[in-house]
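Peer 1: I am sharing start_13.txt, which consists of compact mmCIF, C-alpha atoms:
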# COMPACT_ATOMS: atom_id res chain seq x y z
CA MET A 1 95.74 8.69 -116.64
CA HIS A 2 93.39 11.47 -115.61
CA LEU A 3 90.49 9.01 -115.36
CA HIS A 4 92.52 6.67 -113.09
CA ALA A 5 93.39 9.52 -110.73
CA SER A 6 89.75 10.63 -110.59
CA THR A 7 88.56 7.09 -109.72
CA HIS A 8 91.17 6.78 -106.95
CA ASP A 9 90.10 10.08 -105.41
CA HIS A 10 86.44 9.01 -105.46
CA ARG A 11 87.14 5.72 -103.72
CA THR A 12 89.30 7.42 -101.10
CA THR A 13 86.56 9.98 -100.41
CA ALA A 14 83.86 7.29 -100.16
CA ALA A 15 85.91 5.09 -97.84
CA ALA A 16 86.50 7.83 -95.27
CA PRO A 17 82.89 7.98 -93.96
CA ARG A 18 82.83 4.19 -93.68
CA ARG A 19 85.98 4.22 -91.57
CA ARG A 20 84.52 6.94 -89.36
CA SER A 21 81.29 4.93 -88.96
CA ARG A 22 83.19 1.80 -87.96
CA HIS A 23 85.23 3.85 -85.46
CA LEU A 24 82.04 5.36 -84.00
CA LEU A 25 80.41 1.95 -83.65
CA ARG A 26 83.47 0.58 -81.85
CA LEU A 27 83.42 3.61 -79.51
CA LEU A 28 79.72 3.14 -78.77
CA ALA A 29 80.31 -0.55 -78.02
CA VAL A 30 83.05 0.35 -75.54
CA LEU A 31 80.81 2.94 -73.86
CA ALA A 32 77.93 0.47 -73.64
CA ALA A 33 80.20 -2.08 -71.99
CA LEU A 34 81.38 0.51 -69.47
CA VAL A 35 77.80 1.53 -68.64
CA ALA A 36 76.75 -2.12 -68.23
CA THR A 37 79.65 -2.70 -65.88
CA ALA A 38 78.93 0.41 -63.81
CA ALA A 39 75.13 0.04 -63.67
CA PRO A 40 75.01 -2.30 -60.63
CA ALA A 41 76.84 0.34 -58.58
CA PHE A 42 73.93 2.74 -59.04
CA ALA A 43 71.11 0.21 -58.55
CA ARG A 44 69.17 0.40 -55.29
CA ALA A 45 70.26 -2.27 -52.84
CA PRO A 46 67.74 -5.09 -52.26
CA LEU A 47 65.29 -4.36 -49.46
CA PRO A 48 65.86 -6.13 -46.13
CA PRO A 49 63.35 -8.83 -45.12
CA ILE A 50 59.85 -7.49 -44.60
CA GLU A 51 58.70 -6.72 -41.07
CA GLY A 52 55.74 -8.33 -39.38
CA TYR A 53 52.67 -6.29 -38.48
CA ALA A 54 53.55 -3.37 -36.22
CA GLN A 55 52.70 -3.62 -32.54
CA TYR A 56 50.63 -0.87 -30.97
CA GLN A 57 52.96 1.69 -29.40
CA PRO A 58 50.81 4.55 -28.10
CA GLN A 59 52.11 7.99 -27.26
CA THR A 60 53.76 7.91 -23.82
CA ARG A 61 55.72 11.17 -23.74
CA CYS A 62 55.64 14.74 -24.98
CA SER A 63 57.96 14.97 -27.99
CA PRO A 64 55.99 16.71 -30.74
CA LYS A 65 58.88 17.60 -33.03
CA PRO A 66 58.18 15.86 -36.39
CA LYS A 67 60.23 12.70 -36.65
CA PRO A 68 62.21 12.03 -39.85
CA GLY A 69 60.19 9.02 -40.99
CA ALA A 70 56.90 10.92 -40.69
CA VAL A 71 58.39 13.92 -42.48
CA TYR A 72 59.73 11.83 -45.33
CA LEU A 73 56.47 9.92 -45.75
CA MET A 74 54.50 13.19 -45.84
CA GLN A 75 56.87 14.55 -48.49
CA TYR A 76 56.54 11.33 -50.50
CA LEU A 77 52.74 11.45 -50.41
CA ASP A 78 52.84 15.07 -51.51
CA ARG A 79 54.82 14.10 -54.60
CA ARG A 80 52.77 11.04 -55.50
CA PHE A 81 49.13 11.30 -54.43
CA PRO A 82 46.26 13.76 -54.83
CA GLY A 83 45.53 15.68 -51.65
CA THR A 84 47.49 18.08 -49.47
CA PRO A 85 49.73 17.69 -46.41
CA GLY A 86 48.09 18.26 -43.04
CA GLY A 87 49.85 18.27 -39.68
CA ILE A 88 52.39 15.99 -38.05
CA SER A 89 52.87 17.61 -34.64
CA ARG A 90 50.38 18.54 -31.97
CA ALA A 91 50.87 20.48 -28.76
CA CYS A 92 50.88 18.14 -25.79
CA ASP A 93 48.22 20.10 -23.91
CA VAL A 94 45.66 19.72 -26.73
CA GLY A 95 43.27 16.77 -26.67
CA GLY A 96 44.01 13.26 -25.47
CA ARG A 97 46.66 10.67 -26.28
CA SER A 98 47.92 10.83 -29.85
CA GLU A 99 51.04 9.86 -31.79
CA HIS A 100 50.93 13.42 -33.16
CA LYS A 101 52.36 14.40 -29.76
CA GLU A 102 55.41 12.26 -30.51
CA GLY A 103 55.71 13.56 -34.06
CA ARG A 104 55.04 10.18 -35.67
CA ALA A 105 51.50 10.56 -36.99
CA LEU A 106 50.45 12.48 -40.07
CA ASP A 107 47.24 13.71 -41.64
CA TRP A 108 46.68 13.66 -45.39
CA MET A 109 43.93 16.05 -46.44
CA VAL A 110 41.23 14.66 -48.75
CA SER A 111 37.45 14.95 -48.49
CA ALA A 112 34.98 12.07 -48.26
CA ARG A 113 32.31 14.49 -49.48
CA THR A 114 33.68 14.52 -53.02
CA HIS A 115 34.17 11.76 -55.55
CA ALA A 116 37.71 12.95 -56.23
CA GLY A 117 38.51 12.87 -52.51
CA ARG A 118 37.18 9.34 -52.07
CA VAL A 119 39.12 8.13 -55.11
CA ALA A 120 42.30 9.78 -53.82
CA ALA A 121 41.93 8.17 -50.39
CA ARG A 122 41.23 4.78 -51.98
CA GLU A 123 44.37 5.12 -54.08
CA LEU A 124 46.43 5.79 -50.96
CA LEU A 125 44.91 2.88 -49.04
CA ASP A 126 45.41 0.53 -51.96
CA TRP A 127 49.07 1.59 -52.14
CA LEU A 128 49.59 0.98 -48.42
CA PHE A 129 47.82 -2.37 -48.28
CA ALA A 130 48.91 -3.86 -51.62
CA THR A 131 50.37 -7.37 -51.76
CA ASP A 132 53.94 -7.35 -53.06
CA GLY A 133 55.55 -9.56 -55.69
CA HIS A 134 56.47 -12.12 -53.04
CA GLY A 135 52.89 -12.56 -51.87
CA GLU A 136 53.37 -10.49 -48.68
CA GLN A 137 50.08 -8.82 -47.80
CA ASP A 138 49.94 -5.18 -46.68
CA ALA A 139 53.58 -4.96 -47.71
CA ARG A 140 54.17 -1.19 -47.70
CA ALA A 141 52.23 -0.63 -44.50
CA ARG A 142 54.36 -3.28 -42.79
CA ARG A 143 57.62 -1.92 -44.20
CA LEU A 144 56.65 1.59 -43.10
CA GLY A 145 55.75 0.54 -39.56
CA VAL A 146 52.13 1.67 -39.90
CA MET A 147 50.17 0.91 -36.72
CA TYR A 148 46.80 2.12 -37.94
CA VAL A 149 45.04 4.27 -40.52
CA ILE A 150 41.75 6.11 -39.92
CA TRP A 151 39.55 7.34 -42.75
CA ASN A 152 35.85 8.03 -43.18
CA ASP A 153 34.48 6.30 -40.06
CA ARG A 154 36.78 3.29 -40.51
CA ILE A 155 40.01 2.24 -38.78
CA TYR A 156 42.56 -0.11 -40.34
CA SER A 157 44.78 -1.54 -37.60
CA SER A 158 47.97 -3.57 -38.01
CA TYR A 159 47.02 -5.69 -35.01
CA ASP A 160 43.81 -6.62 -36.85
CA GLY A 161 45.49 -7.34 -40.20
CA PHE A 162 44.37 -3.92 -41.50
CA ARG A 163 40.81 -5.14 -41.91
CA PRO A 164 38.48 -2.13 -41.85
CA GLN A 165 36.48 -1.76 -38.66
CA PRO A 166 33.88 0.86 -37.63
CA TYR A 167 35.47 3.86 -35.92
CA LEU A 168 33.97 6.34 -33.46
CA ASN A 169 36.19 8.96 -31.92
CA ALA A 170 36.24 9.03 -28.11
CA GLY A 171 35.04 12.63 -28.27
CA CYS A 172 31.77 11.61 -29.97
CA LYS A 173 28.86 9.74 -28.45
CA GLN A 174 27.53 8.85 -31.90
CA LEU A 175 28.35 9.60 -35.53
CA LYS A 176 25.43 11.99 -35.89
CA GLY A 177 26.62 15.39 -34.76
CA CYS A 178 30.29 14.33 -34.75
CA SER A 179 32.48 16.71 -36.76
CA PRO A 180 33.97 15.70 -40.14
CA THR A 181 37.43 16.07 -38.59
CA LEU A 182 36.75 13.71 -35.67
CA ARG A 183 35.11 11.29 -38.10
CA HIS A 184 38.17 11.55 -40.34
CA ARG A 185 36.06 12.51 -43.32
CA ASP A 186 38.33 15.41 -44.25
CA HIS A 187 41.68 13.62 -43.91
CA VAL A 188 43.41 10.26 -43.76
CA HIS A 189 45.28 9.73 -40.49
CA ILE A 190 48.38 7.50 -40.44
CA SER A 191 50.13 6.52 -37.19
CA LEU A 192 53.62 4.99 -37.30
CA ASP A 193 55.34 2.92 -34.67
CA VAL A 194 58.51 4.30 -33.07
CA ALA A 195 60.85 2.71 -35.64
CA GLY A 196 58.73 3.93 -38.55
CA GLY A 197 58.55 7.41 -37.09
CA MET A 198 62.34 7.52 -36.95
CA GLY A 199 62.65 6.17 -40.50
CA ARG A 200 64.34 2.97 -39.32
CA THR A 201 62.07 0.43 -41.00
CA SER A 202 62.85 -1.30 -44.29
CA TRP A 203 60.79 1.01 -46.54
CA PHE A 204 63.17 3.87 -45.79
CA VAL A 205 66.31 1.99 -46.82
CA GLY A 206 67.97 3.94 -49.65
CA ARG A 207 65.41 6.75 -49.36
CA LEU A 208 65.77 8.66 -46.12
CA THR A 209 69.54 9.05 -46.11
CA ASP A 210 69.54 11.84 -48.71
CA ALA A 211 65.99 13.10 -48.26
CA VAL A 212 65.86 14.66 -44.80
CA GLY A 213 67.51 17.94 -44.06
CA GLY A 214 65.65 21.21 -43.88
CA VAL A 215 62.39 19.32 -44.53
CA VAL A 216 60.94 19.09 -41.03
CA GLY A 217 60.08 22.77 -40.89
CA GLY A 218 58.55 22.74 -44.36
CA VAL A 219 56.26 19.71 -44.40
CA GLY A 220 53.79 19.35 -41.55
CA GLY A 221 56.16 21.22 -39.29
CA ALA A 222 53.60 23.50 -37.73
CA VAL A 223 52.31 22.32 -34.39
CA GLY A 224 48.62 21.49 -34.46
CA GLY A 225 47.56 20.78 -38.00
CA ILE A 226 43.85 21.27 -38.73
CA GLY A 227 43.57 23.81 -35.99
CA GLY A 228 45.14 21.60 -33.34
CA ALA A 229 41.97 19.52 -33.03
CA ALA A 230 42.18 16.05 -31.50
CA ILE A 231 42.26 14.00 -34.67
CA GLY A 232 43.74 10.64 -33.81
Hey, can you dump this file as structure tokens for me?

Peer 2:
Amino acid sequence: MHLHASTHDHRTTAAAPRRRSRHLLRLLAVLAALVATAAPAFARAPLPPIEGYAQYQPQTRCSPKPKPGAVYLMQYLDRRFPGTPGGISRACDVGGRSEHKEGRALDWMVSARTHAGRVAARELLDWLFATDGHGEQDARARRLGVMYVIWNDRIYSSYDGFRPQPYLNAGCKQLKGCSPTLRHRDHVHISLDVAGGMGRTSWFVGRLTDAVGGVVGGVGGAVGGIGGAAIG
């Protein structure tokens, strides 16, 4: 009689953890189903169709306040790539025509004099001009509305398929004696078209809406950048 009672108690005690385990597994299965159902709501919406190559839209007015697309791109580069933010704006009475004077050009500070600087610039250029999974060449540059990039005596223009071409600043008669800044050997210059500057191209979809606000004054907000020199 005593032995029978002892065996019953042991089986009851052993069965309890198994019941709890089965209950936990059922609960986890329900939670997994709920997460799977809700996941699409949090996924980023598919990007709109890719843009063509940006048309050249030079600076035509004085509006140097940093535009939201330029600000967001500068902030993004600061998080992702080696280098440091330069300027976005430039005073309208400094130098010649420049998209800096419309707040839609930015300078990313790296040095062509160092191996690390050259590698960092190459990483940025490769990112901009990479072919996407659909075979679209220069995909990010096109989605950003990049008109041209200048770096280390070379210009990469959208209207030339971003093929590198020799660059000589209008302020220099020849490369010899031309400053590292005018030769763009101490920074990468990126000019955006009007839509890109405003953050209205496809790359900004799902990004800019919750990213801008209090940023303009903190990233490239100072007028001038690199001493206000005419950079490009």

Peer 1: From the options A:Ile155, A:Leu208, A:Val94, A:Met147, which residue's atoms come nearest to Tyr56 (chain A), counting all atoms listed in the file?

Peer 2: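 Looking at the shortest contact to Tyr56 (chain A), the residue is A:Met147.
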
Peer 1: With 4 Å added on each side, what axis-aligned box encloses every listed atom of region 56-62 of chain A? Give the centre and edge lengths in Å to one decimal, as AutoDock Vina command-line options.

Peer 2:
--center_x 53.2 --center_y 6.9 --center_z -27.4 --size_x 13.1 --size_y 23.6 --size_z 15.2

Peer 1: Quick one: residues within 12 Å of Ser179 (chain A), only C-alpha atoms, excluding same-chain residues fewer than 4 positions away - as a PyMOL selection string?

Peer 2: chain A and resi 152-153+168-169+171-175+183-186+229-231

Peer 1: Report, in Å to a single decimal, how far apart CA of Asp107 (chain A) and CA of Val188 (chain A) are.

Peer 2: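 Interatomic distance here is 5.6 Å.
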
Peer 1: When you draw a straight line from CA of Gly69 (chain A) to CA of Gly196 (chain A), how long is it in Å?

Peer 2: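 These atoms are spaced 5.8 Å apart.
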
Peer 1: Given only C-alpha atoms as the basis, pick out the residue of A:Trp127, A:Leu47, A:Asp193, A:Ala54 nearest to Arg104 (chain A).

Peer 2: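 Checking each candidate against Arg104 (chain A), we get A:Asp193 as the closest.
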
Peer 1: From the list A:Pro85, A:Pro164, A:Pro46, A:Gly117, which residue is nearest Ala105 (chain A) when using only C-alpha atoms?

Peer 2: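 Checking each of A:Pro85, A:Pro164, A:Pro46, A:Gly117 against Ala105 (chain A), counting only C-alpha atoms, the winner is A:Pro85.
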
Peer 1: Using only C-alpha atoms, which of the listed residues (A:Phe204, A:Trp151, A:Phe162, A:Trp108) sits closest to Thr84 (chain A)?

Peer 2: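 That would be A:Trp108, the residue with the smallest distance to Thr84 (chain A).
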
Peer 1: Pick from A:Asp93, A:Glu123, A:Asp78, A:Glu102: nearest to Cys62 (chain A), with all atoms listed in the file counted?

Peer 2: A:Glu102

Peer 1: Quick one: of A:Val149, A:Ala112, A:Val205, A:Met74, who's nearest to Phe129 (chain A), counting all atoms listed in the file?

Peer 2: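 For Phe129 (chain A), the nearest of the candidates is A:Val149.
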